[in-house]
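As provided, coords09.cif (mmCIF, C-alpha atoms) reads as follows.
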data_my_file
#
loop_
_atom_site.label_atom_id
_atom_site.label_comp_id
_atom_site.auth_asym_id
_atom_site.auth_seq_id
_atom_site.Cartn_x
_atom_site.Cartn_y
_atom_site.Cartn_z
CA MET A 874 138.88 32.06 -65.01
CA THR A 875 140.45 32.18 -68.46
CA LEU A 876 139.91 35.34 -70.48
CA PRO A 877 138.15 34.89 -73.79
CA PRO A 878 140.74 35.48 -76.53
CA PRO A 879 140.13 38.63 -78.57
CA PRO A 880 139.21 38.13 -82.25
CA LEU A 881 141.95 36.88 -84.57
CA TRP A 882 141.75 39.61 -87.19
CA PRO A 883 142.25 42.66 -84.96
CA GLN A 884 145.34 40.92 -83.55
CA ALA A 885 146.60 40.16 -87.07
CA VAL A 886 146.03 43.75 -88.19
CA ALA A 887 147.91 45.02 -85.11
CA VAL A 888 150.85 42.73 -85.92
CA ALA A 889 150.89 43.86 -89.58
CA ARG A 890 150.71 47.50 -88.55
CA ARG A 891 153.58 47.02 -86.07
CA ASP A 892 155.75 45.31 -88.69
CA LEU A 893 155.11 47.99 -91.32
CA LEU A 894 155.81 50.77 -88.82
CA ARG A 895 159.10 49.10 -87.87
CA GLU A 896 160.04 48.73 -91.52
CA ARG A 897 159.14 52.36 -92.24
CA ARG A 898 161.48 53.50 -89.48
CA ARG A 899 164.29 51.06 -90.41
CA GLY A 900 163.89 51.49 -94.18
CA GLU A 901 165.70 48.25 -95.03
CA VAL A 902 163.38 47.27 -97.87
CA THR A 903 162.79 50.80 -99.10
CA TRP A 904 166.34 52.11 -99.04
CA VAL A 905 168.50 48.99 -99.37
CA THR A 906 166.80 46.00 -100.97
CA LEU A 907 164.63 47.84 -103.47
CA PRO A 908 167.37 49.96 -105.08
CA PHE A 909 169.68 46.92 -105.25
CA GLY A 910 166.95 44.96 -107.03
CA ALA A 911 166.63 47.68 -109.64
CA ILE A 912 170.42 47.88 -109.98
CA ALA A 913 170.58 44.09 -110.51
CA LEU A 914 168.16 44.45 -113.43
CA LEU A 915 170.37 47.20 -114.84
CA LEU A 916 173.55 45.12 -114.51
CA ILE A 917 172.23 42.03 -116.29
CA PRO A 918 172.23 43.62 -119.80
CA LEU A 919 175.75 44.86 -119.15
CA ALA A 920 176.83 41.34 -118.31
CA ILE A 921 175.16 39.51 -121.20
CA GLY A 922 175.29 42.24 -123.84
CA ILE A 923 172.76 44.81 -124.93
CA ASP A 924 170.68 42.94 -127.46
CA ALA A 925 167.21 44.50 -127.38
CA PRO A 926 165.22 41.60 -128.92
CA THR A 927 166.87 39.08 -126.58
CA LEU A 928 166.35 41.28 -123.55
CA ARG A 929 162.72 41.80 -124.53
CA ARG A 930 162.27 38.02 -124.80
CA ILE A 931 163.99 37.03 -121.55
CA GLY A 932 163.13 40.20 -119.60
CA PRO A 933 160.03 38.84 -117.82
CA GLY A 934 161.97 35.79 -116.63
CA LEU A 935 164.87 37.91 -115.39
CA ASN A 936 162.43 40.14 -113.59
CA TRP A 937 160.94 37.20 -111.70
CA ILE A 938 164.36 35.79 -110.81
CA VAL A 939 165.31 39.17 -109.30
CA VAL A 940 161.96 39.29 -107.51
CA LEU A 941 162.52 35.80 -106.10
CA LEU A 942 166.11 36.38 -104.97
CA PHE A 943 165.50 39.80 -103.48
CA GLY A 944 162.14 38.67 -102.14
CA VAL A 945 164.00 36.00 -100.17
CA LEU A 946 166.36 38.72 -98.97
CA VAL A 947 163.40 40.79 -97.80
CA THR A 948 162.05 37.87 -95.78
CA VAL A 949 165.50 37.09 -94.36
CA ARG A 950 165.87 40.63 -93.11
CA ARG A 951 162.35 40.65 -91.72
CA THR A 952 163.18 37.48 -89.75
CA ALA A 953 166.55 38.80 -88.55
CA VAL A 954 164.92 41.97 -87.19
CA ASP A 955 162.80 39.85 -84.87
CA GLY A 956 165.15 38.92 -82.04
CA ALA A 957 164.60 36.54 -79.15
CA ALA A 958 163.37 39.39 -76.95
CA ASP A 959 160.80 40.40 -79.59
CA ARG A 960 159.55 36.83 -79.86
CA ASP A 961 159.37 36.61 -76.08
CA LEU A 962 157.31 39.79 -75.98
CA ALA A 963 154.82 38.46 -78.54
CA MET A 964 154.51 35.27 -76.49
CA ARG A 965 154.11 37.16 -73.23
CA LEU A 966 151.29 39.24 -74.68
CA GLY A 967 149.53 35.99 -75.50
CA ILE A 968 149.03 36.88 -79.15
CA ASP A 969 147.42 34.06 -81.09
CA PRO A 970 150.26 32.48 -83.12
CA ALA A 971 147.91 32.23 -86.11
CA ALA A 972 147.32 35.99 -85.85
CA VAL A 973 151.08 36.54 -85.78
CA PHE A 974 151.45 34.42 -88.93
CA ILE A 975 148.64 36.21 -90.75
CA GLY A 976 149.78 39.68 -89.66
CA ARG A 977 153.41 39.06 -90.61
CA THR A 978 152.29 37.65 -93.95
CA MET A 979 150.18 40.74 -94.60
CA ALA A 980 153.15 42.99 -93.89
CA ASN A 981 155.63 40.88 -95.87
CA ALA A 982 153.27 40.55 -98.84
CA GLY A 983 152.61 44.29 -98.81
CA LEU A 984 156.32 45.06 -98.89
CA LEU A 985 156.92 42.48 -101.62
CA LEU A 986 154.05 43.91 -103.66
CA VAL A 987 155.69 47.34 -103.59
CA PHE A 988 159.02 45.70 -104.44
CA GLU A 989 157.50 43.84 -107.41
CA LEU A 990 155.81 46.97 -108.75
CA VAL A 991 158.98 49.07 -108.60
CA VAL A 992 161.29 46.36 -109.97
CA GLY A 993 158.69 45.40 -112.58
CA ALA A 994 158.42 48.99 -113.77
CA ALA A 995 162.21 49.13 -114.02
CA ALA A 996 162.20 45.89 -116.05
CA VAL A 997 159.61 47.26 -118.46
CA VAL A 998 161.69 50.37 -119.05
CA LEU A 999 165.12 48.68 -119.19
CA TYR A 1000 164.11 45.66 -121.27
CA ASP A 1001 161.45 47.35 -123.39
CA ILE A 1002 158.87 44.70 -122.48
CA GLU A 1003 155.57 45.12 -124.32
CA LEU A 1004 152.58 44.95 -122.03
CA THR A 1005 149.93 44.38 -124.67
CA ARG A 1006 148.00 41.98 -122.44
CA TRP A 1007 148.81 43.58 -119.09
CA PRO A 1008 145.58 42.64 -117.21
CA TRP A 1009 147.17 39.25 -116.41
CA LEU A 1010 149.60 41.13 -114.22
CA LEU A 1011 146.74 42.05 -111.91
CA ALA A 1012 146.52 38.39 -110.97
CA VAL A 1013 150.17 37.35 -111.26
CA ILE A 1014 151.82 40.13 -109.23
CA PRO A 1015 149.62 39.86 -106.10
CA ALA A 1016 149.70 36.05 -106.24
CA ALA A 1017 153.51 36.10 -106.34
CA ALA A 1018 153.75 38.69 -103.55
CA LEU A 1019 151.35 36.77 -101.35
CA GLY A 1020 153.11 33.46 -102.04
CA LEU A 1021 156.56 34.79 -101.24
CA GLY A 1022 155.17 36.57 -98.18
CA LEU A 1023 153.55 33.36 -96.94
CA LEU A 1024 156.68 31.28 -97.61
CA GLY A 1025 158.94 33.84 -95.96
CA THR A 1026 156.74 34.07 -92.87
CA LEU A 1027 156.47 30.30 -92.55
CA ALA A 1028 160.22 29.86 -93.04
CA GLY A 1029 160.85 32.60 -90.47
CA ALA A 1030 158.65 30.80 -87.94
CA ILE A 1031 160.48 27.52 -88.56
CA ALA A 1032 163.91 29.17 -88.49
CA ALA A 1033 163.17 31.05 -85.25
CA GLY A 1034 163.13 27.75 -83.41
CA GLN A 1035 166.02 26.15 -85.28
CA GLY A 1036 168.90 28.17 -86.59
CA GLY A 1037 167.77 31.77 -87.00
CA ALA A 1038 167.52 33.86 -90.15
CA ASN A 1039 170.38 32.05 -91.92
CA LEU A 1040 168.11 29.09 -92.48
CA VAL A 1041 165.40 31.09 -94.25
CA PRO A 1042 166.85 31.17 -97.81
CA PHE A 1043 167.30 27.40 -97.79
CA LEU A 1044 163.66 26.96 -96.83
CA VAL A 1045 162.13 29.62 -99.07
CA ALA A 1046 164.06 29.25 -102.31
CA PRO A 1047 163.13 25.62 -103.16
CA LEU A 1048 159.51 26.12 -102.14
CA ALA A 1049 159.30 29.27 -104.24
CA ILE A 1050 160.12 27.40 -107.47
CA PRO A 1051 156.43 26.70 -108.30
CA LEU A 1052 155.74 30.41 -107.80
CA LEU A 1053 158.66 31.39 -110.05
CA LEU A 1054 157.58 28.90 -112.69
CA GLY A 1055 153.95 29.99 -112.46
CA ALA A 1056 154.75 33.70 -112.63
CA THR A 1057 157.15 33.35 -115.55
CA GLN A 1058 154.93 31.06 -117.58
CA ALA A 1059 151.74 33.01 -116.82
CA LEU A 1060 153.39 36.22 -117.93
CA ASP A 1061 154.92 34.68 -121.06
CA ALA A 1062 151.62 33.12 -122.05
CA GLY A 1063 149.78 36.31 -121.22
CA LEU A 1064 152.09 38.44 -123.33
CA ALA A 1065 151.86 35.94 -126.22
CA ASP A 1066 148.17 35.19 -126.55
CA GLY A 1067 146.60 35.33 -123.09
CA ASP A 1068 144.94 31.93 -123.35
CA GLY A 1069 147.61 29.85 -121.58
CA SER A 1070 147.95 31.99 -118.47
CA LEU A 1071 145.06 30.70 -116.42
CA PRO A 1072 146.55 27.29 -115.43
CA TRP A 1073 149.74 28.98 -114.25
CA VAL A 1074 147.85 31.59 -112.25
CA LEU A 1075 145.81 28.80 -110.70
CA LEU A 1076 149.05 26.98 -109.80
CA MET A 1077 150.23 30.09 -107.96
CA VAL A 1078 146.91 30.46 -106.16
CA LEU A 1079 147.05 26.78 -105.20
CA VAL A 1080 150.56 27.22 -103.74
CA ASP A 1081 149.36 30.29 -101.84
CA VAL A 1082 146.36 28.45 -100.39
CA ILE A 1083 148.41 25.40 -99.36
CA VAL A 1084 151.12 27.47 -97.66
CA ALA A 1085 148.49 29.64 -95.94
CA ILE A 1086 146.75 26.58 -94.51
CA VAL A 1087 150.02 24.98 -93.42
CA GLY A 1088 151.19 28.28 -91.88
CA VAL A 1089 148.02 28.84 -89.85
CA LEU A 1090 147.82 25.24 -88.66
CA THR A 1091 151.49 25.02 -87.66
CA ALA A 1092 151.79 28.49 -86.12
CA ARG A 1093 150.99 27.37 -82.61
CA PRO A 1094 153.10 24.16 -82.54
CA LEU A 1095 156.04 26.07 -84.02
CA GLN A 1096 155.81 28.76 -81.35
CA GLU A 1097 155.35 26.30 -78.52
CA THR A 1098 158.30 24.13 -79.48
CA ARG A 1099 160.80 26.99 -79.14
CA MET B 973 152.72 60.99 -61.72
CA GLY B 974 149.03 60.18 -61.57
CA ARG B 975 147.57 56.92 -60.43
CA ALA B 976 144.17 56.97 -62.08
CA ALA B 977 144.79 54.28 -64.65
CA VAL B 978 145.58 51.45 -62.29
CA GLY B 979 143.27 48.51 -62.75
CA THR B 980 140.82 50.47 -64.90
CA TYR B 981 140.85 47.78 -67.55
CA THR B 982 140.97 44.75 -65.23
CA ARG B 983 138.77 42.02 -66.64
CA SER B 984 139.16 39.13 -64.24
CA VAL B 985 139.97 38.06 -60.73
CA ALA B 986 142.80 35.61 -60.28
CA ALA B 987 142.17 31.99 -59.36
CA SER B 988 143.43 30.67 -56.03
CA PRO B 989 146.08 29.40 -55.63
CA VAL B 990 147.66 31.52 -58.31
CA VAL B 991 150.81 29.39 -58.47
CA SER B 992 151.31 25.78 -57.45
CA LEU B 993 154.67 24.14 -58.17
CA SER B 994 155.28 20.58 -57.10
CA ALA B 995 158.74 18.98 -57.35
CA VAL B 996 159.51 21.15 -60.39
CA ALA B 997 162.86 20.84 -62.13
CA VAL B 998 164.13 22.78 -65.11
CA ARG B 999 167.12 21.77 -67.20
CA LEU B 1000 168.60 23.93 -69.93
CA GLY B 1001 170.38 21.41 -72.11
CA ALA B 1002 172.20 19.11 -69.71
CA THR B 1003 172.48 21.75 -67.00
CA PRO B 1004 170.03 21.57 -64.11
CA ILE B 1005 168.86 25.10 -63.23
CA LEU B 1006 165.96 24.42 -60.88
CA ARG B 1007 165.72 21.31 -58.69
CA ASN B 1008 162.74 19.93 -56.83
CA VAL B 1009 161.02 23.30 -56.35
CA ASP B 1010 157.77 23.33 -54.36
CA LEU B 1011 155.97 26.64 -54.19
CA GLU B 1012 152.41 27.71 -53.52
CA LEU B 1013 151.31 31.30 -53.98
CA ALA B 1014 147.81 32.36 -53.02
CA GLY B 1015 145.74 35.19 -54.44
CA GLY B 1016 146.48 38.47 -52.68
CA GLU B 1017 150.05 37.44 -51.86
CA ALA B 1018 153.34 39.11 -52.80
CA LEU B 1019 156.53 37.06 -52.65
CA GLY B 1020 160.12 38.26 -52.56
CA LEU B 1021 162.63 35.92 -54.16
CA PHE B 1022 166.33 36.33 -53.46
CA GLY B 1023 169.51 34.50 -54.27
CA ALA B 1024 173.00 34.81 -55.66
CA ASN B 1025 173.78 35.16 -59.35
CA GLY B 1026 173.03 31.91 -61.16
CA ALA B 1027 170.78 30.60 -58.41
CA GLY B 1028 167.91 30.20 -60.90
CA LYS B 1029 165.78 33.24 -60.05
CA THR B 1030 165.26 34.41 -63.63
CA THR B 1031 164.61 30.85 -64.79
CA LEU B 1032 161.94 30.50 -62.13
CA LEU B 1033 160.31 33.73 -63.31
CA ARG B 1034 160.38 32.56 -66.93
CA LEU B 1035 158.82 29.28 -65.85
CA LEU B 1036 156.05 31.14 -64.02
CA ALA B 1037 155.58 33.31 -67.11
CA THR B 1038 155.06 30.03 -69.05
CA LEU B 1039 157.98 30.84 -71.35
CA LEU B 1040 159.65 27.63 -70.13
CA ARG B 1041 158.21 24.21 -69.46
CA PRO B 1042 159.23 22.14 -66.42
CA SER B 1043 161.57 19.27 -67.22
CA ALA B 1044 160.02 17.37 -64.31
CA GLY B 1045 157.30 17.94 -61.74
CA ARG B 1046 154.01 19.74 -62.07
CA ALA B 1047 153.51 23.48 -62.53
CA ILE B 1048 150.05 25.01 -62.27
CA VAL B 1049 149.76 28.74 -62.99
CA LEU B 1050 146.39 30.47 -62.69
CA GLY B 1051 144.70 27.10 -62.73
CA VAL B 1052 146.42 25.83 -65.88
CA ASP B 1053 149.07 23.11 -66.14
CA ILE B 1054 151.73 24.96 -68.12
CA ALA B 1055 153.09 21.78 -69.66
CA GLY B 1056 149.79 21.49 -71.55
CA VAL B 1057 148.05 23.39 -74.31
CA GLY B 1058 146.34 25.99 -72.11
CA ARG B 1059 149.40 28.10 -71.48
CA LEU B 1060 148.77 30.42 -74.42
CA GLU B 1061 145.49 31.57 -72.90
CA VAL B 1062 146.89 31.96 -69.39
CA ARG B 1063 149.82 34.01 -70.68
CA ARG B 1064 147.48 36.93 -71.27
CA ARG B 1065 146.95 37.16 -67.52
CA ILE B 1066 150.63 37.25 -66.60
CA GLY B 1067 152.79 40.37 -66.53
CA LEU B 1068 156.58 40.10 -66.67
CA ILE B 1069 159.13 42.86 -66.46
CA GLY B 1070 162.53 41.34 -67.07
CA HIS B 1071 166.15 42.48 -67.06
CA THR B 1072 166.05 43.91 -70.59
CA PRO B 1073 163.23 46.26 -71.60
CA ALA B 1074 160.91 44.40 -73.95
CA LEU B 1075 160.03 47.25 -76.28
CA TYR B 1076 160.26 47.62 -80.04
CA PRO B 1077 163.07 50.17 -80.38
CA GLU B 1078 161.78 51.68 -83.65
CA LEU B 1079 158.32 52.36 -82.25
CA THR B 1080 157.44 55.29 -80.03
CA LEU B 1081 156.52 54.67 -76.42
CA ALA B 1082 152.86 55.26 -77.27
CA GLU B 1083 153.04 52.91 -80.26
CA ASN B 1084 154.56 50.21 -78.10
CA LEU B 1085 151.70 50.46 -75.65
CA ALA B 1086 149.14 50.82 -78.43
CA PHE B 1087 150.31 47.51 -79.89
CA ALA B 1088 149.84 45.77 -76.54
CA ALA B 1089 146.44 47.40 -76.12
CA ALA B 1090 145.34 46.36 -79.61
CA VAL B 1091 146.26 42.70 -79.22
CA MET B 1092 144.66 42.58 -75.78
CA GLY B 1093 141.46 44.24 -76.97
CA LEU B 1094 141.82 47.34 -74.79
CA PRO B 1095 140.57 50.79 -75.78
CA ALA B 1096 143.07 53.24 -77.28
CA THR B 1097 142.50 55.65 -74.38
CA ALA B 1098 144.23 53.13 -72.10
CA VAL B 1099 147.57 54.12 -73.66
CA SER B 1100 147.50 57.78 -72.69
CA ASP B 1101 146.14 56.90 -69.24
CA ALA B 1102 148.99 54.46 -68.63
CA LEU B 1103 151.70 56.79 -69.90
CA GLY B 1104 150.26 59.56 -67.74
CA ALA B 1105 150.37 57.28 -64.71
CA VAL B 1106 154.13 56.83 -65.07
CA GLY B 1107 154.84 60.45 -65.99
CA LEU B 1108 155.74 59.85 -69.63
CA THR B 1109 153.01 61.81 -71.40
CA ALA B 1110 155.52 64.30 -72.80
CA ALA B 1111 157.72 61.50 -74.16
CA ALA B 1112 154.88 59.50 -75.71
CA ASP B 1113 155.98 60.20 -79.28
CA ARG B 1114 159.66 59.48 -78.77
CA PRO B 1115 161.04 56.25 -80.25
CA ALA B 1116 161.91 53.77 -77.53
CA ALA B 1117 165.47 53.57 -78.86
CA SER B 1118 166.02 57.25 -78.10
CA CYS B 1119 164.77 56.98 -74.51
CA SER B 1120 166.91 56.27 -71.48
CA TYR B 1121 166.93 52.84 -69.88
CA GLY B 1122 164.94 54.24 -66.98
CA MET B 1123 162.26 55.65 -69.30
CA GLN B 1124 162.02 52.31 -71.06
CA ARG B 1125 161.57 50.58 -67.72
CA ARG B 1126 158.84 53.04 -66.79
CA THR B 1127 157.12 52.32 -70.10
CA GLU B 1128 157.10 48.65 -69.18
CA PHE B 1129 155.50 49.53 -65.87
CA ALA B 1130 152.93 51.56 -67.81
CA ARG B 1131 152.18 48.52 -69.94
CA GLU B 1132 151.62 46.33 -66.90
CA LEU B 1133 149.45 49.00 -65.27
CA MET B 1134 147.39 49.02 -68.44
CA LEU B 1135 147.14 45.25 -68.80
CA ALA B 1136 146.47 44.70 -65.07
CA PRO B 1137 147.78 41.11 -64.87
CA ASP B 1138 146.61 38.54 -62.32
CA LEU B 1139 150.18 37.34 -61.82
CA LEU B 1140 152.93 39.94 -61.79
CA LEU B 1141 156.56 38.90 -62.17
CA LEU B 1142 159.27 41.52 -61.64
CA ASP B 1143 162.98 40.85 -62.18
CA GLU B 1144 165.18 43.43 -60.43
CA PRO B 1145 162.28 45.90 -60.47
CA HIS B 1146 164.14 48.86 -58.96
CA SER B 1147 166.93 48.73 -61.50
CA ALA B 1148 167.50 52.08 -63.27
CA LEU B 1149 164.47 53.73 -61.71
CA ASP B 1150 164.85 57.11 -60.00
CA ALA B 1151 163.33 57.68 -56.57
CA ALA B 1152 159.98 58.86 -57.90
CA ALA B 1153 159.69 56.08 -60.45
CA ALA B 1154 160.73 53.47 -57.87
CA ASP B 1155 157.36 54.06 -56.18
CA LEU B 1156 155.84 52.42 -59.26
CA VAL B 1157 157.10 49.04 -58.06
CA GLY B 1158 155.06 49.21 -54.88
CA HIS B 1159 152.15 50.83 -56.66
CA LEU B 1160 151.94 48.11 -59.32
CA THR B 1161 152.46 45.31 -56.79
CA ASP B 1162 149.74 46.70 -54.53
CA ALA B 1163 147.34 47.05 -57.45
CA VAL B 1164 147.76 43.42 -58.50
CA VAL B 1165 147.56 42.06 -54.94
CA ALA B 1166 144.54 44.22 -54.09
CA LYS B 1167 142.47 42.66 -56.85
CA GLY B 1168 143.26 39.14 -55.69
CA GLY B 1169 146.25 38.49 -57.91
CA ALA B 1170 149.78 37.61 -56.85
CA ALA B 1171 153.22 39.11 -57.37
CA VAL B 1172 156.75 37.69 -57.37
CA LEU B 1173 159.61 40.16 -57.04
CA VAL B 1174 163.12 38.92 -57.76
CA SER B 1175 165.85 41.19 -56.49
CA HIS B 1176 169.25 41.58 -54.92
CA ASP B 1177 167.90 44.60 -53.05
CA ARG B 1178 166.41 42.65 -50.15
CA GLU B 1179 165.81 45.69 -47.97
CA ARG B 1180 163.59 47.52 -50.45
CA VAL B 1181 161.70 44.49 -51.67
CA GLU B 1182 160.92 43.08 -48.24
CA LYS B 1183 158.94 46.25 -47.50
CA LEU B 1184 156.65 45.38 -50.41
CA VAL B 1185 156.08 41.67 -49.91
CA GLY B 1186 154.47 39.50 -47.26
CA ARG B 1187 156.82 36.52 -47.65
CA SER B 1188 160.41 35.99 -48.73
CA LEU B 1189 162.23 32.95 -50.04
CA GLU B 1190 165.79 32.31 -51.11
CA LEU B 1191 166.97 30.26 -54.05
CA VAL B 1192 170.24 28.45 -53.49
CA GLY B 1193 171.70 26.36 -56.27
CA GLY B 1194 168.30 25.94 -57.93
CA ARG B 1195 166.51 24.91 -54.71
CA LEU B 1196 164.17 27.00 -52.57
CA ALA B 1197 165.58 27.40 -49.10
#
Take the structure in this file and express it as structure tokens.
Amino acid sequence: MTLPPPPLWPQAVAVARRDLLRERRRGEVTWVTLPFGAIALLLIPLAIGIDAPTLRRIGPGLNWIVVLLFGVLVTVRRTAVDGAADRDLAMRLGIDPAAVFIGRTMANAGLLLVFELVVGAAAVVLYDIELTRWPWLLAVIPAAALGLGLLGTLAGAIAAGQGGANLVPFLVAPLAIPLLLGATQALDAGLADGDGSLPWVLLMVLVDVIVAIVGVLTARPLQETR
Amino acid sequence: MGRAAVGTYTRSVAASPVVSLSAVAVRLGATPILRNVDLELAGGEALGLFGANGAGKTTLLRLLATLLRPSAGRAIVLGVDIAGVGRLEVRRRIGLIGHTPALYPELTLAENLAFAAAVMGLPATAVSDALGAVGLTAAADRPAASCSYGMQRRTEFARELMLAPDLLLLDEPHSALDAAAADLVGHLTDAVVAKGGAAVLVSHDRERVEKLVGRSLELVGGRLA
């Protein structure tokens, strides 16, 4: 007799909770990646010169580049933490691979959301960015966090069976370009007049949906081919 | 140590035979680890498996745990051909305690068990029952990384007591357990066998394990002797 599998969502929530608890105890995002992201934003004006109008103009783009690069770093570390024994344990418990993908994405996206908010606040202060049409951020920031979280989780699942965490940046960075483009353009358009942001936000949502579908559908084959 | 939690959350009775291997071979890369292994294990049976280092004992356990696929032959575990797509479902009915404790080091002992309970759909009360059964109630809130190897092993026994598998696989089960905790091996094996499941105990400690099992086999160079 085969046991009926428990519902997907409680399993996904348990995986997300486990990942966030582990991160809280390790503090890699909170105490290492996040401060370095803020420091990177601080160093850029020192490198290119303190020209307030220029910084104000290019600030949003710089912010997203930092978010992308450090976001990749967050996902790399998250993958590296999960060793072969951890993956074995998840397999032995018979957790639905789709639930693992969803749960890990929830945790990664949550961490990236916090990262974006802190680094974004630092960018606003350091670069004197005017947030006259800030409501667009309510769509752009979560869409970027979710997209990077999805990409990082998918890349981690692929890398776990291939070459480990070192492979993750090479998988995530190219695929994150539409997200970077969408976030930068949506924010620029939003800060300028607000009318041109919608297509870029929709691009980000489209990327998120596609990666989510691919991630859920490939979760099981990726786990079983290890 | 109490014993109340054993089997409380059992949800099924194992199929019979629990394990059926026919001419199974396993290669890791180009290296043959298991060769032409035939093995049948009925419900209610406990098997002791012995052999020298590198004989293939751990590989056989990982195969039975469905973490490996056979390179050749046919392997049926709990009624499912493990080369096929059903092995994810059957995995939930298999318990494995390996060489290295499979615990998340950052999580407390209770959190480790709570995670297993949550993904298996067990009530939260199962965690405290299981920890009580292995005498770790007082250490429930300690991170696994700060616990001794023996305590981590006991936590794994608590997890298997809680999950009540139909097929129990133990690799060097007495390792690092003190005299009192070593009773857990027999206790857990008896619990699984009593409900119609099966157990495989891999060990170098033939004398202790043979008291717990009804049949013994030896692996020599990847073949069952």
Inset, instruction - Write out as a list in words which residues come within 10 Å of B:Glu1132 when counting all atoms listed in the file, dropping same-chain ones fewer than 6 positions away. - result: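 Once the nearby chain positions are removed, what remains is Val978, Gly979, Ile1066, Gly1067, Leu1068, Ile1069, Leu1085, Ala1088, Ala1102, Arg1126, Leu1140, Leu1160 and Val1164 of chain B.
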Inset, instruction - Would you give me, as a VMD selection string, the residues of chain A that come within 12 Å of chain B, using all atoms listed in the file? - result: chain A and resid 874 to 900 954 to 973 976 1093 to 1094 1096 to 1099
Fewer than 6 positions away in the same chain doesn't count, so skip those; otherwise give me all residues within 12 Å of A:Ile1086, counting only C-alpha atoms, as a PDB file with C-alpha atoms, keeping the file's coordinate frame.
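selection-v4.pdb, freshly written:
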ATOM      1  CA  ALA A 971     147.910  32.230 -86.110  1.00  0.00           C
ATOM      2  CA  PHE A 974     151.450  34.420 -88.930  1.00  0.00           C
ATOM      3  CA  ILE A 975     148.640  36.210 -90.750  1.00  0.00           C
ATOM      4  CA  LEU A1023     153.550  33.360 -96.940  1.00  0.00           C
ATOM      5  CA  LEU A1024     156.680  31.280 -97.610  1.00  0.00           C
ATOM      6  CA  LEU A1027     156.470  30.300 -92.550  1.00  0.00           C
ATOM      7  CA  LEU A1079     147.050  26.780-105.200  1.00  0.00           C
ATOM      8  CA  VAL A1080     150.560  27.220-103.740  1.00  0.00           C
ATOM      9  CA  ALA A1092     151.790  28.490 -86.120  1.00  0.00           C
TER      10      ALA A1092
END
Inset, instruction - Please measure the separation of atom CA of A:Ile1083 and atom CA of A:Leu1048, giving the value in Å to one decimal. - result: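 So the answer is 11.5 Å.
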Take the PyMOL selection byres ((chain B and resi 1000) around 12), apply it to the structure above, and return the hits as a PDB file with C-alpha atoms, keeping the file's coordinate frame.
ATOM      1  CA  ALA B 997     162.860  20.840 -62.130  1.00  0.00           C
ATOM      2  CA  VAL B 998     164.130  22.780 -65.110  1.00  0.00           C
ATOM      3  CA  ARG B 999     167.120  21.770 -67.200  1.00  0.00           C
ATOM      4  CA  GLY B1001     170.380  21.410 -72.110  1.00  0.00           C
ATOM      5  CA  ALA B1002     172.200  19.110 -69.710  1.00  0.00           C
ATOM      6  CA  THR B1003     172.480  21.750 -67.000  1.00  0.00           C
ATOM      7  CA  PRO B1004     170.030  21.570 -64.110  1.00  0.00           C
ATOM      8  CA  ILE B1005     168.860  25.100 -63.230  1.00  0.00           C
ATOM      9  CA  LEU B1006     165.960  24.420 -60.880  1.00  0.00           C
ATOM     10  CA  ARG B1007     165.720  21.310 -58.690  1.00  0.00           C
ATOM     11  CA  GLY B1028     167.910  30.200 -60.900  1.00  0.00           C
ATOM     12  CA  THR B1031     164.610  30.850 -64.790  1.00  0.00           C
ATOM     13  CA  LEU B1035     158.820  29.280 -65.850  1.00  0.00           C
ATOM     14  CA  LEU B1040     159.650  27.630 -70.130  1.00  0.00           C
ATOM     15  CA  ARG B1041     158.210  24.210 -69.460  1.00  0.00           C
ATOM     16  CA  PRO B1042     159.230  22.140 -66.420  1.00  0.00           C
ATOM     17  CA  SER B1043     161.570  19.270 -67.220  1.00  0.00           C
TER      18      SER B1043
END
Inset, instruction - Would you write out, as a ChimeraX atom specification, every residue that the PyMOL selection byres ((chain A and resi 1054-1064) around 12) captures in this file? - result: /A:929-941,989,993,1002-1018,1020-1021,1047-1053,1065-1081
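In this structure, atom CA of A:Pro908 sits 29.0 Å away from atom CA of B:Arg1114.
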Legend entry - Protein/DNA/RNA residues near (167.2, 31.3, -57.9), cut 10 Å, all atoms listed in the file, as number ranges by chain: B: 1005-1006, 1021-1033, 1174, 1189-1197
Legend entry - Expansion of the PyMOL selection byres ((chain A and resi 943) around 9) into residues, as a list in words: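 Evaluating the PyMOL selection byres ((chain A and resi 943) around 9) on these coordinates yields Thr906, Leu907, Phe909, Gly910, Ile938, Val939, Val940, Leu941, Leu942, Gly944, Val945, Leu946, Val947, Thr948 and Phe988 of chain A.
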Inset, instruction - Could you please determine the separation between atom CA of B:Gly1016 and atom CA of B:Ala1166 in Å, to one decimal place? - result: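 Interatomic distance, atom CA of B:Gly1016 to atom CA of B:Ala1166: 6.2 Å.
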